[in-house]
Amino acid sequence: MNRSITAKQFAARMEEAQAKFYRLAFCYVKNEHDALEILSEATYRGFINLKRLEKPEFFDTWMSRIIINCACDFLKKQNRYDFHEPDDSLPARQEELSVDDRLDLYQALDELAPDEKSLIILKYFEDKSFREIASILNIPESTVKTRLYRIIGKLRDAIRA
């Protein structure tokens, strides 16, 4: 029994989750144009590989993984691991931080490796559970926890420096 979703269902689900997927891409590049480019590429990759989606109920998780891969590919291609000033229209949730603290945080995030950055973005910008992150990144839940706590320590040290 083929349980894959149709092109029409794909379009509807992409439209439903558009804001969430855009936010995820934006967290990597902090630029509207680049985030839209990543989202466009991820949509294309998702559509052409739609038959690989084994369980339609995991569509959001599957697309999140594609978006993360596209964002990492984009950053490698652009060689853009340098610091970029955050845009005031950042769609991710912002806590009550001073501008200086926010800049320090973004600078520290930009210094992380792409896999480390993925964990932080999924946990704190996308509010994903450890289980959801493990599923998206295809790693054990205990590994997610261990790496996340190590990365938080790394960020704390970078911000204090």
# chains A, B, ... in the order shown; residues from 1 in each chain; ligands from 1
call {"tool": "residues_around", "arguments": {"residues": "segment 33-39 of chain A", "least_positions_apart": "3", "cutoff": "9 Å", "atoms": "only C-alpha atoms", "output": "JSON, numbers by chain"}}
result
{"A": [18, 21, 22, 23, 24, 25, 26, 27, 28, 29, 30, 42, 43, 44, 67, 68, 70, 71, 74]}
call {"tool": "residues_around", "arguments": {"residues": "Asp157 of chain A", "least_positions_apart": "6", "cutoff": "12 Å", "atoms": "only C-alpha atoms", "output": "JSON, numbers by chain"}}
result
{"A": [104, 105, 108, 109, 150, 151]}
call {"tool": "write_last_selection", "arguments": {"atoms": "N, CA, C and O atoms", "output": "short mmCIF file (atom, residue, chain, number, x, y, z; two decimals), in the first residue's frame"}}
result
data_model
loop_
_atom_site.label_atom_id
_atom_site.label_comp_id
_atom_site.auth_asym_id
_atom_site.auth_seq_id
_atom_site.Cartn_x
_atom_site.Cartn_y
_atom_site.Cartn_z
N ASP A 104 26.03 39.51 20.95
CA ASP A 104 26.99 38.52 21.46
C ASP A 104 26.48 37.11 21.22
O ASP A 104 27.23 36.22 20.82
N LEU A 105 25.18 36.91 21.47
CA LEU A 105 24.60 35.59 21.27
C LEU A 105 24.66 35.18 19.80
O LEU A 105 25.07 34.06 19.48
N ALA A 108 28.20 34.33 18.84
CA ALA A 108 28.58 33.03 19.38
C ALA A 108 27.91 31.91 18.58
O ALA A 108 28.54 30.89 18.29
N LEU A 109 26.65 32.09 18.19
CA LEU A 109 25.96 31.08 17.38
C LEU A 109 26.64 30.91 16.02
O LEU A 109 26.77 29.79 15.53
N ARG A 150 26.71 20.34 26.04
CA ARG A 150 28.09 20.71 25.73
C ARG A 150 28.12 22.03 24.93
O ARG A 150 28.94 22.91 25.19
N ILE A 151 27.20 22.15 23.98
CA ILE A 151 27.14 23.36 23.15
C ILE A 151 26.74 24.57 23.99
O ILE A 151 27.28 25.66 23.81
#
call {"tool": "residues_around", "arguments": {"residues": "segment 57-66 of chain A", "least_positions_apart": "6", "cutoff": "12 Å", "atoms": "only C-alpha atoms", "output": "PyMOL selection string"}}
result
chain A and resi 3-5+9-18+20-25+38-51+72-73+115+118-119+121-122+126+128-129+131-139
call {"tool": "atom_distance", "arguments": {"atom1": "atom CA of Lys123 of chain A", "atom2": "atom CA of Lys76 of chain A"}}
result
22.6 Å
call {"tool": "decode", "arguments": {"residues": "segment 42-71 of chain A", "atoms": "N, CA, C and O atoms", "output": "short mmCIF file (atom, residue, chain, number, x, y, z; two decimals), in the first residue's frame"}}
result
data_model
loop_
_atom_site.label_atom_id
_atom_site.label_comp_id
_atom_site.auth_asym_id
_atom_site.auth_seq_id
_atom_site.Cartn_x
_atom_site.Cartn_y
_atom_site.Cartn_z
N ALA A 42 14.81 23.79 -0.66
CA ALA A 42 14.29 22.70 0.17
C ALA A 42 12.94 22.21 -0.36
O ALA A 42 12.68 21.00 -0.38
N THR A 43 12.11 23.13 -0.79
CA THR A 43 10.81 22.76 -1.36
C THR A 43 11.02 21.92 -2.62
O THR A 43 10.37 20.89 -2.81
N TYR A 44 11.94 22.35 -3.45
CA TYR A 44 12.25 21.60 -4.67
C TYR A 44 12.76 20.20 -4.33
O TYR A 44 12.27 19.20 -4.86
N ARG A 45 13.73 20.13 -3.41
CA ARG A 45 14.28 18.82 -3.03
C ARG A 45 13.22 17.93 -2.40
O ARG A 45 13.17 16.72 -2.66
N GLY A 46 12.37 18.52 -1.56
CA GLY A 46 11.30 17.75 -0.95
C GLY A 46 10.33 17.21 -1.98
O GLY A 46 9.93 16.05 -1.94
N PHE A 47 9.98 18.05 -2.94
CA PHE A 47 9.02 17.63 -3.96
C PHE A 47 9.58 16.52 -4.84
O PHE A 47 8.89 15.53 -5.10
N ILE A 48 10.83 16.67 -5.29
CA ILE A 48 11.38 15.64 -6.18
C ILE A 48 11.66 14.33 -5.44
O ILE A 48 11.75 13.28 -6.07
N ASN A 49 11.79 14.40 -4.12
CA ASN A 49 12.04 13.19 -3.33
C ASN A 49 10.82 12.76 -2.52
O ASN A 49 10.94 12.00 -1.56
N LEU A 50 9.66 13.22 -2.91
CA LEU A 50 8.43 12.95 -2.18
C LEU A 50 8.17 11.46 -1.98
O LEU A 50 7.65 11.05 -0.94
N LYS A 51 8.56 10.65 -2.93
CA LYS A 51 8.34 9.20 -2.81
C LYS A 51 9.20 8.58 -1.71
O LYS A 51 8.91 7.48 -1.26
N ARG A 52 10.22 9.28 -1.26
CA ARG A 52 11.07 8.77 -0.18
C ARG A 52 10.47 8.99 1.20
O ARG A 52 10.97 8.43 2.19
N LEU A 53 9.45 9.82 1.27
CA LEU A 53 8.78 10.07 2.55
C LEU A 53 7.97 8.83 2.90
O LEU A 53 6.94 8.56 2.30
N GLU A 54 8.47 8.06 3.85
CA GLU A 54 7.85 6.78 4.18
C GLU A 54 6.58 6.94 5.00
O GLU A 54 5.63 6.18 4.84
N LYS A 55 6.56 7.92 5.90
CA LYS A 55 5.40 8.12 6.77
C LYS A 55 4.93 9.57 6.65
O LYS A 55 5.57 10.47 7.20
N PRO A 56 3.81 9.80 5.96
CA PRO A 56 3.32 11.16 5.77
C PRO A 56 3.10 11.94 7.07
O PRO A 56 3.20 13.16 7.09
N GLU A 57 2.86 11.24 8.18
CA GLU A 57 2.64 11.94 9.45
C GLU A 57 3.92 12.62 9.96
O GLU A 57 3.88 13.47 10.83
N PHE A 58 5.07 12.25 9.39
CA PHE A 58 6.34 12.88 9.76
C PHE A 58 6.80 13.89 8.72
O PHE A 58 7.99 14.19 8.62
N PHE A 59 5.87 14.45 7.98
CA PHE A 59 6.20 15.41 6.92
C PHE A 59 7.01 16.58 7.44
O PHE A 59 8.03 16.94 6.87
N ASP A 60 6.56 17.21 8.54
CA ASP A 60 7.26 18.39 9.07
C ASP A 60 8.68 18.04 9.50
O ASP A 60 9.61 18.81 9.25
N THR A 61 8.86 16.91 10.13
CA THR A 61 10.19 16.46 10.55
C THR A 61 11.07 16.23 9.33
O THR A 61 12.24 16.66 9.29
N TRP A 62 10.52 15.57 8.34
CA TRP A 62 11.25 15.26 7.10
C TRP A 62 11.67 16.55 6.39
O TRP A 62 12.83 16.72 6.00
N MET A 63 10.74 17.51 6.27
CA MET A 63 11.06 18.78 5.60
C MET A 63 12.05 19.60 6.43
O MET A 63 12.91 20.27 5.86
N SER A 64 11.95 19.54 7.75
CA SER A 64 12.90 20.27 8.60
C SER A 64 14.31 19.78 8.35
O SER A 64 15.25 20.57 8.25
N ARG A 65 14.47 18.47 8.22
CA ARG A 65 15.78 17.90 7.94
C ARG A 65 16.29 18.38 6.57
O ARG A 65 17.47 18.73 6.43
N ILE A 66 15.42 18.43 5.59
CA ILE A 66 15.80 18.91 4.26
C ILE A 66 16.21 20.38 4.33
O ILE A 66 17.22 20.79 3.73
N ILE A 67 15.47 21.19 5.06
CA ILE A 67 15.79 22.62 5.19
C ILE A 67 17.14 22.80 5.88
O ILE A 67 17.96 23.62 5.45
N ILE A 68 17.39 22.05 6.92
CA ILE A 68 18.69 22.13 7.61
C ILE A 68 19.82 21.77 6.66
O ILE A 68 20.84 22.45 6.60
N ASN A 69 19.63 20.68 5.91
CA ASN A 69 20.66 20.28 4.94
C ASN A 69 20.88 21.36 3.88
O ASN A 69 22.02 21.66 3.52
N CYS A 70 19.80 21.95 3.40
CA CYS A 70 19.92 23.02 2.39
C CYS A 70 20.63 24.24 2.98
O CYS A 70 21.45 24.87 2.32
N ALA A 71 20.30 24.58 4.23
CA ALA A 71 20.94 25.73 4.88
C ALA A 71 22.44 25.47 5.05
O ALA A 71 23.25 26.37 4.77
#
